Amino acid sequence: MIRRRTAARLALAGLALAPLLLGAGEARADEGDEAATIQLWHAYRGAEEEALQAILEAHRAAGGPPVETLAIPYDAFGSKLGAAIPLGEGPDLYIDSHERLGDYRVRGIVAPVGDAFEGEAAFRSNAVQAVTLDDAIWGLPLSQKCVALYVNQGLLKEVPATLEGFAGLRDTLPEGVFPLAYEAQGAYVHSALLGAFGGSLLGPDDSFGFVGDPAVRSLNLARALIDGGVVPSDADGALVTNLFRGGKAATAISGPWLAADLEGSGIDYRVELLPKVEAADGAPMRPLLTVEAVMLSPEGAKRADVRALARRIAGPEAAALRQERARTLTARADVPLPPGDKLLAAFAAQAEVATPMPSAPAMRATWEPANRAIKAFLRGELDAEAATEGARKRFDDVRRPLPPPASPTPLLIVVGLLLLYGAFSLVRQVRSGELVPALRRSIPAYRYVAHAVITVGLLVILPLVVGAATSLWAGRPETGHYVGLANFVDILTARGGPLLATGSFYVVLLVTLLWTLANVFFHLAIGVSLGLVLSRPTMKLRGLYRVLLIIPWAVPNYVTALAWKGMFHRQFGAVTGLINALNQTFGLSIEPIAWFSHFSTAFTANLATNVWLGFPFMMVVTLGALTSVPGDVLEAAEVDGATRWQRMWQVTLPIIRPTLLPAVTLGAIWTFNMFNVVFLVSGGEPDGTTDILVSEAYRWAFTREAQYGYAAAYAVLIFLMLASVTRLGEWKAGRRAAREAAAARAAQAVEGGGH
């Protein structure tokens, strides 16, 4: 008893002293703030990461507080910051590209650097301009990156003074070597050509800038270079690297990242300024300039030690170390280039005439419409004016004002009625006296399924509920507002445009249905056929064939999708190689197919890839189902004179049909949501016509102003459609089973009456 009283008194004393202890702890935390660990996030790899670690080692050696670093892939960097910093779990400072500053400001995950900034004289003017918004400095510039001209000195000694002059190199180079390689269909590199004509991707007041005379003239020049064989068509970054590294391109337009890929290749190259453009009155090409900067989170900006670390990372000693080890062009004006480093000297000269990429949030919305406009024009689908005007309309549609806030009262009424109905049902069951005994009897069973219920609830049900709730909101997570069913209304009314216009919900739904039906048909036809063939006991090496045919299913689908995309390349793909071989062998004149220039061919490319991925699953299911076919039934059918074809259609397939139906349903659901193949093979080309519902939802979430509510509404509609179709199938199956049971009972009754 005495022990209990003593324990109680100690507990009361502890409760009384708790506020004082917590206050003292907070005071100690404030006093020891200088020694607290600093969290730093970055997206560096290779030599850049090694240089950063060396800088941090010098910081620790100088007595600075400990620093924890986290490397995050660049594509996921912004989303990780946006998810972590508002919850207080993010970094104190991070290194990222300046063009995201506008987006980060809207999200409230970046703060002005304050006294960490040394002054404009310490940095290059264009770098300071890049990190300045509303007369405040939001990052400490570290390095500058832009594209320049790489020259293979083994193939070319003198570079033409103008871009048009590259056409004259075709006769002086070996066969199969392009005078110039660059991503002609990409807006990022094309912006250098656009800048020569005085244009830009983003206009004043955050309007779409890729319109008018500069856009048209730049597109016409790019098309002339491709039609003249100066530049390869359909070239992406990997192809440009491979062409230049393999000696198939005399020059290439790329950034400093290409230099890292050329290490160990044996290519003797140099880097020069981009050529001038004769059609633009001799103006130089002006690429976009990206400035990497140290940025501070709102909490990190409050700490003096974090600001001191940011200043050290952006300081002159760190800049010299990065130039030496990582060969990145510094943004500081007081740090000279390493003597004899011609690569950095060339990029420094190019950066002087480059244009800092706009950091406004609207800049992110320009890439998709600009890329589509360039591709549509270069592939001959539209003229330059129509392509750029269509891009402007897409930009304006994405940037249009959000739906106005709606009253949550109707939603609260519906939720309240549902809760009342649930409470009424529960009370009625309790009064009936059946609920409590049933719960007691079920307790042992609940113990076995509790972990599964919790897991499914957290991983499946909770995300579905959150997604459904998100679909009722519009705008960014930190600035959004409740709009009710406005997102669904916009989707189902095609955002006020024609219901069957390209990109509308109904057109994308039709493409998705065609995609699903075609894939399931071929999966089923090929899978069942191969299963029937491989189930024959007299077939030799059938085990080996089974293993080989399962390989497409075993390989990750994104790997297969990228491989098939390469095979469908118009100039260098395996399919084009096969066409060329047929032309040479049989004297034919078949032209290589531009697979992604037309809906029919792009859809076929997607379909072929997904059929290759999907038929092994149906083959394995068929092989398993065939084991349930009784041999004596087949023998009886054969004795009765049934042919092999009749035995298959009237005996085998009806028996395995109940096993195949769930597999077909599952395959249809997988195919309906097969994002990887559509996104990686065709990318929605041409002009988004091969997009399916799930890829369209992805674009609204991640490439069109981060409209998560709108994308969530797409996801809810997809869920409702799939749930309705599967429930309809179950209902029909139940009706069929009920009819068969009734017929069986009637037959038994008739038989019993006869006896």
# chains A, B, ... in the order shown; residues from 1 in each chain; ligands from 1
call {"tool": "select_by_dssp", "arguments": {"residues": "range 231-458 of chain A", "states": "helix (DSSP H, G or I)", "output": "MDAnalysis selection string"}}
result
chainID A and resid 237:245 257:261 278:280 300:302 304:313 316:325 342:352 361:365 367:378 384:398 409:432 435:458
call {"tool": "select_by_dssp", "arguments": {"residues": "range 208-305 of chain A", "states": "strand (DSSP E)", "output": "JSON, numbers by chain"}}
result
{"A": [251, 252, 253, 254, 269, 270, 271, 272, 276, 277, 283, 284, 288, 289, 290, 291, 292, 293, 294, 295, 296]}
call {"tool": "write_last_selection", "arguments": {"atoms": "N, CA and C atoms", "output": "CSV table (one decimal), in the first residue's frame"}}
result
chain,number,residue,atom,x,y,z
A,251,THR,N,29.1,16.4,-85.5
A,251,THR,CA,28.9,17.3,-84.4
A,251,THR,C,27.6,16.9,-83.7
A,252,ALA,N,27.5,17.5,-82.5
A,252,ALA,CA,26.3,17.2,-81.7
A,252,ALA,C,26.0,18.4,-80.8
A,253,ILE,N,24.8,18.7,-80.6
A,253,ILE,CA,24.4,19.7,-79.6
A,253,ILE,C,23.9,19.0,-78.3
A,254,SER,N,24.7,19.2,-77.3
A,254,SER,CA,24.3,18.6,-76.0
A,254,SER,C,25.0,19.4,-74.9
A,269,TYR,N,37.5,15.1,-79.4
A,269,TYR,CA,36.4,16.1,-79.6
A,269,TYR,C,36.8,17.4,-78.9
A,270,ARG,N,36.1,18.4,-79.3
A,270,ARG,CA,36.2,19.7,-78.7
A,270,ARG,C,34.8,20.3,-78.6
A,271,VAL,N,34.7,21.3,-77.8
A,271,VAL,CA,33.4,22.0,-77.6
A,271,VAL,C,33.5,23.4,-78.0
A,272,GLU,N,32.5,23.9,-78.8
A,272,GLU,CA,32.5,25.3,-79.3
A,272,GLU,C,31.2,25.9,-79.1
A,276,LYS,N,25.8,30.4,-85.5
A,276,LYS,CA,24.9,31.5,-85.8
A,276,LYS,C,23.9,31.0,-86.8
A,277,VAL,N,22.8,31.7,-86.9
A,277,VAL,CA,21.7,31.3,-87.8
A,277,VAL,C,21.5,32.4,-88.9
A,283,ALA,N,22.1,36.0,-86.1
A,283,ALA,CA,22.1,36.0,-84.7
A,283,ALA,C,22.5,34.6,-84.2
A,284,PRO,N,23.2,34.6,-83.0
A,284,PRO,CA,23.6,33.3,-82.4
A,284,PRO,C,22.5,32.5,-81.8
A,288,LEU,N,18.8,27.6,-73.5
A,288,LEU,CA,18.4,27.9,-72.1
A,288,LEU,C,19.5,27.6,-71.1
A,289,LEU,N,19.6,28.5,-70.1
A,289,LEU,CA,20.6,28.3,-69.1
A,289,LEU,C,19.9,27.8,-67.8
A,290,THR,N,20.5,26.7,-67.3
A,290,THR,CA,20.0,26.2,-66.0
A,290,THR,C,21.1,26.5,-64.9
A,291,VAL,N,20.6,27.0,-63.8
A,291,VAL,CA,21.5,27.3,-62.7
A,291,VAL,C,21.2,26.4,-61.5
A,292,GLU,N,22.2,25.6,-61.1
A,292,GLU,CA,22.0,24.8,-59.9
A,292,GLU,C,22.3,25.7,-58.7
A,293,ALA,N,21.5,25.6,-57.7
A,293,ALA,CA,21.6,26.5,-56.5
A,293,ALA,C,21.3,25.8,-55.2
A,294,VAL,N,21.9,26.3,-54.2
A,294,VAL,CA,21.6,25.8,-52.8
A,294,VAL,C,20.3,26.6,-52.4
A,295,MET,N,19.3,25.9,-52.0
A,295,MET,CA,18.1,26.5,-51.5
A,295,MET,C,17.8,26.1,-50.1
A,296,LEU,N,17.1,26.9,-49.3
A,296,LEU,CA,16.8,26.7,-47.9
A,296,LEU,C,15.4,26.5,-47.7
call {"tool": "atom_distance", "arguments": {"atom1": "CA of Val240 in chain A", "atom2": "CA of Thr576 in chain A"}}
result
18.4 Å
call {"tool": "residues_around", "arguments": {"residues": "Asp281 in chain A", "least_positions_apart": "6", "cutoff": "12 Å", "atoms": "only C-alpha atoms", "output": "mmCIF file with C-alpha atoms, in the first residue's frame"}}
result
data_model
loop_
_atom_site.group_PDB
_atom_site.id
_atom_site.type_symbol
_atom_site.label_atom_id
_atom_site.label_comp_id
_atom_site.auth_asym_id
_atom_site.auth_seq_id
_atom_site.Cartn_x
_atom_site.Cartn_y
_atom_site.Cartn_z
ATOM 1 C CA THR A 162 26.172 29.226 -89.672
ATOM 2 C CA LEU A 163 23.709 26.456 -88.982
ATOM 3 C CA GLU A 164 22.607 26.417 -92.613
ATOM 4 C CA ALA A 196 18.082 33.046 -82.358
ATOM 5 C CA PHE A 197 14.854 34.333 -83.919
ATOM 6 C CA GLY A 198 14.022 36.311 -80.783
#
call {"tool": "residues_around", "arguments": {"residues": "Leu500 in chain A", "least_positions_apart": "5", "cutoff": "12 Å", "atoms": "only C-alpha atoms", "output": "ChimeraX atom specification"}}
result
/A:492-495,505-511,689
call {"tool": "atom_distance", "arguments": {"atom1": "CA of Leu549 in chain A", "atom2": "CA of Leu532 in chain A"}}
result
13.6 Å
call {"tool": "residues_around", "arguments": {"residues": "Arg286 in chain A", "least_positions_apart": "3", "cutoff": "7 Å", "atoms": "only C-alpha atoms", "output": "list in words"}}
result
Ala192, Leu193, Gly195, Ala196, Val353, Ala354 and Thr355 of chain A
call {"tool": "write_last_selection", "arguments": {"atoms": "N, CA and C atoms", "output": "PDB file, in the first residue's frame"}}
result
ATOM      1  N   ALA A 192      17.038  26.822 -78.274  1.00  0.00           N
ATOM      2  CA  ALA A 192      18.241  27.549 -78.697  1.00  0.00           C
ATOM      3  C   ALA A 192      18.044  28.134 -80.084  1.00  0.00           C
ATOM      4  N   LEU A 193      17.422  27.365 -80.972  1.00  0.00           N
ATOM      5  CA  LEU A 193      17.116  27.855 -82.316  1.00  0.00           C
ATOM      6  C   LEU A 193      16.025  28.916 -82.263  1.00  0.00           C
ATOM      7  N   GLY A 195      15.494  30.930 -79.797  1.00  0.00           N
ATOM      8  CA  GLY A 195      16.088  32.143 -79.246  1.00  0.00           C
ATOM      9  C   GLY A 195      16.826  32.962 -80.284  1.00  0.00           C
ATOM     10  N   ALA A 196      17.395  32.301 -81.303  1.00  0.00           N
ATOM     11  CA  ALA A 196      18.082  33.046 -82.358  1.00  0.00           C
ATOM     12  C   ALA A 196      17.122  33.944 -83.122  1.00  0.00           C
ATOM     13  N   VAL A 353      25.966  33.842 -73.513  1.00  0.00           N
ATOM     14  CA  VAL A 353      24.923  34.218 -74.470  1.00  0.00           C
ATOM     15  C   VAL A 353      23.656  33.391 -74.283  1.00  0.00           C
ATOM     16  N   ALA A 354      23.626  32.581 -73.225  1.00  0.00           N
ATOM     17  CA  ALA A 354      22.449  31.760 -72.961  1.00  0.00           C
ATOM     18  C   ALA A 354      21.393  32.584 -72.234  1.00  0.00           C
ATOM     19  N   THR A 355      20.162  32.095 -72.278  1.00  0.00           N
ATOM     20  CA  THR A 355      19.033  32.763 -71.630  1.00  0.00           C
ATOM     21  C   THR A 355      18.605  31.960 -70.405  1.00  0.00           C
TER      22      THR A 355
END
call {"tool": "closest_residue", "arguments": {"among": "A:Met363, A:Ala71, A:Ala249, A:Val231", "to": "Trp41 in chain A", "atoms": "only C-alpha atoms"}}
result
A:Ala71
call {"tool": "residues_around", "arguments": {"residues": "Trp367 in chain A", "least_positions_apart": "2", "cutoff": "9 Å", "atoms": "only C-alpha atoms", "output": "list of chain:residue names"}}
result
A:Gly186, A:Ala187, A:Tyr188, A:Leu201, A:Met363, A:Arg364, A:Ala365, A:Pro369, A:Ala370, A:Asn371, A:Arg372, A:Thr703
call {"tool": "write_last_selection", "arguments": {"atoms": "C-alpha atoms", "output": "PDB file, in the first residue's frame"}}
result
ATOM      1  CA  GLY A 186      12.555  18.325 -78.110  1.00  0.00           C
ATOM      2  CA  ALA A 187      11.560  21.799 -76.972  1.00  0.00           C
ATOM      3  CA  TYR A 188      14.574  22.145 -74.662  1.00  0.00           C
ATOM      4  CA  LEU A 201       8.820  29.251 -74.820  1.00  0.00           C
ATOM      5  CA  MET A 363       7.102  27.239 -67.378  1.00  0.00           C
ATOM      6  CA  ARG A 364       6.374  23.628 -66.470  1.00  0.00           C
ATOM      7  CA  ALA A 365       3.136  23.810 -68.456  1.00  0.00           C
ATOM      8  CA  PRO A 369       2.305  21.473 -75.733  1.00  0.00           C
ATOM      9  CA  ALA A 370       5.603  22.724 -77.201  1.00  0.00           C
ATOM     10  CA  ASN A 371       6.956  19.203 -77.646  1.00  0.00           C
ATOM     11  CA  ARG A 372       3.720  18.075 -79.277  1.00  0.00           C
ATOM     12  CA  THR A 703       2.918  17.535 -66.456  1.00  0.00           C
TER      13      THR A 703
END
call {"tool": "closest_residue", "arguments": {"among": "A:Gly457, A:Ala697, A:Val639, A:Ser191", "to": "Leu717 in chain A", "atoms": "only C-alpha atoms"}}
result
A:Ala697
call {"tool": "closest_residue", "arguments": {"among": "A:Val466, A:Ile593, A:Leu534, A:Leu343", "to": "Gly577 in chain A", "atoms": "only C-alpha atoms"}}
result
A:Ile593
call {"tool": "residues_around", "arguments": {"residues": "Leu194 in chain A", "least_positions_apart": "5", "cutoff": "9 Å", "atoms": "only C-alpha atoms", "output": "list in words"}}
result
Gly199, Ser200, Leu201, Phe210, Pro214, Ala215, Arg217, Ser218, Leu219, Met285, Arg286 and Pro287 of chain A
call {"tool": "closest_residue", "arguments": {"among": "A:Arg647, A:Arg570, A:Arg400, A:Lys540", "to": "Arg379 in chain A", "atoms": "only C-alpha atoms"}}
result
A:Arg570
call {"tool": "closest_residue", "arguments": {"among": "A:Leu661, A:Ala373, A:Val216, A:Val128", "to": "Pro686 in chain A", "atoms": "only C-alpha atoms"}}
result
A:Ala373
call {"tool": "closest_residue", "arguments": {"among": "A:Asp227, A:Gly709, A:Val177, A:Leu274", "to": "Gly246 in chain A", "atoms": "only C-alpha atoms"}}
result
A:Val177
call {"tool": "atom_distance", "arguments": {"atom1": "CA of Asn220 in chain A", "atom2": "CA of Ala384 in chain A"}}
result
7.5 Å
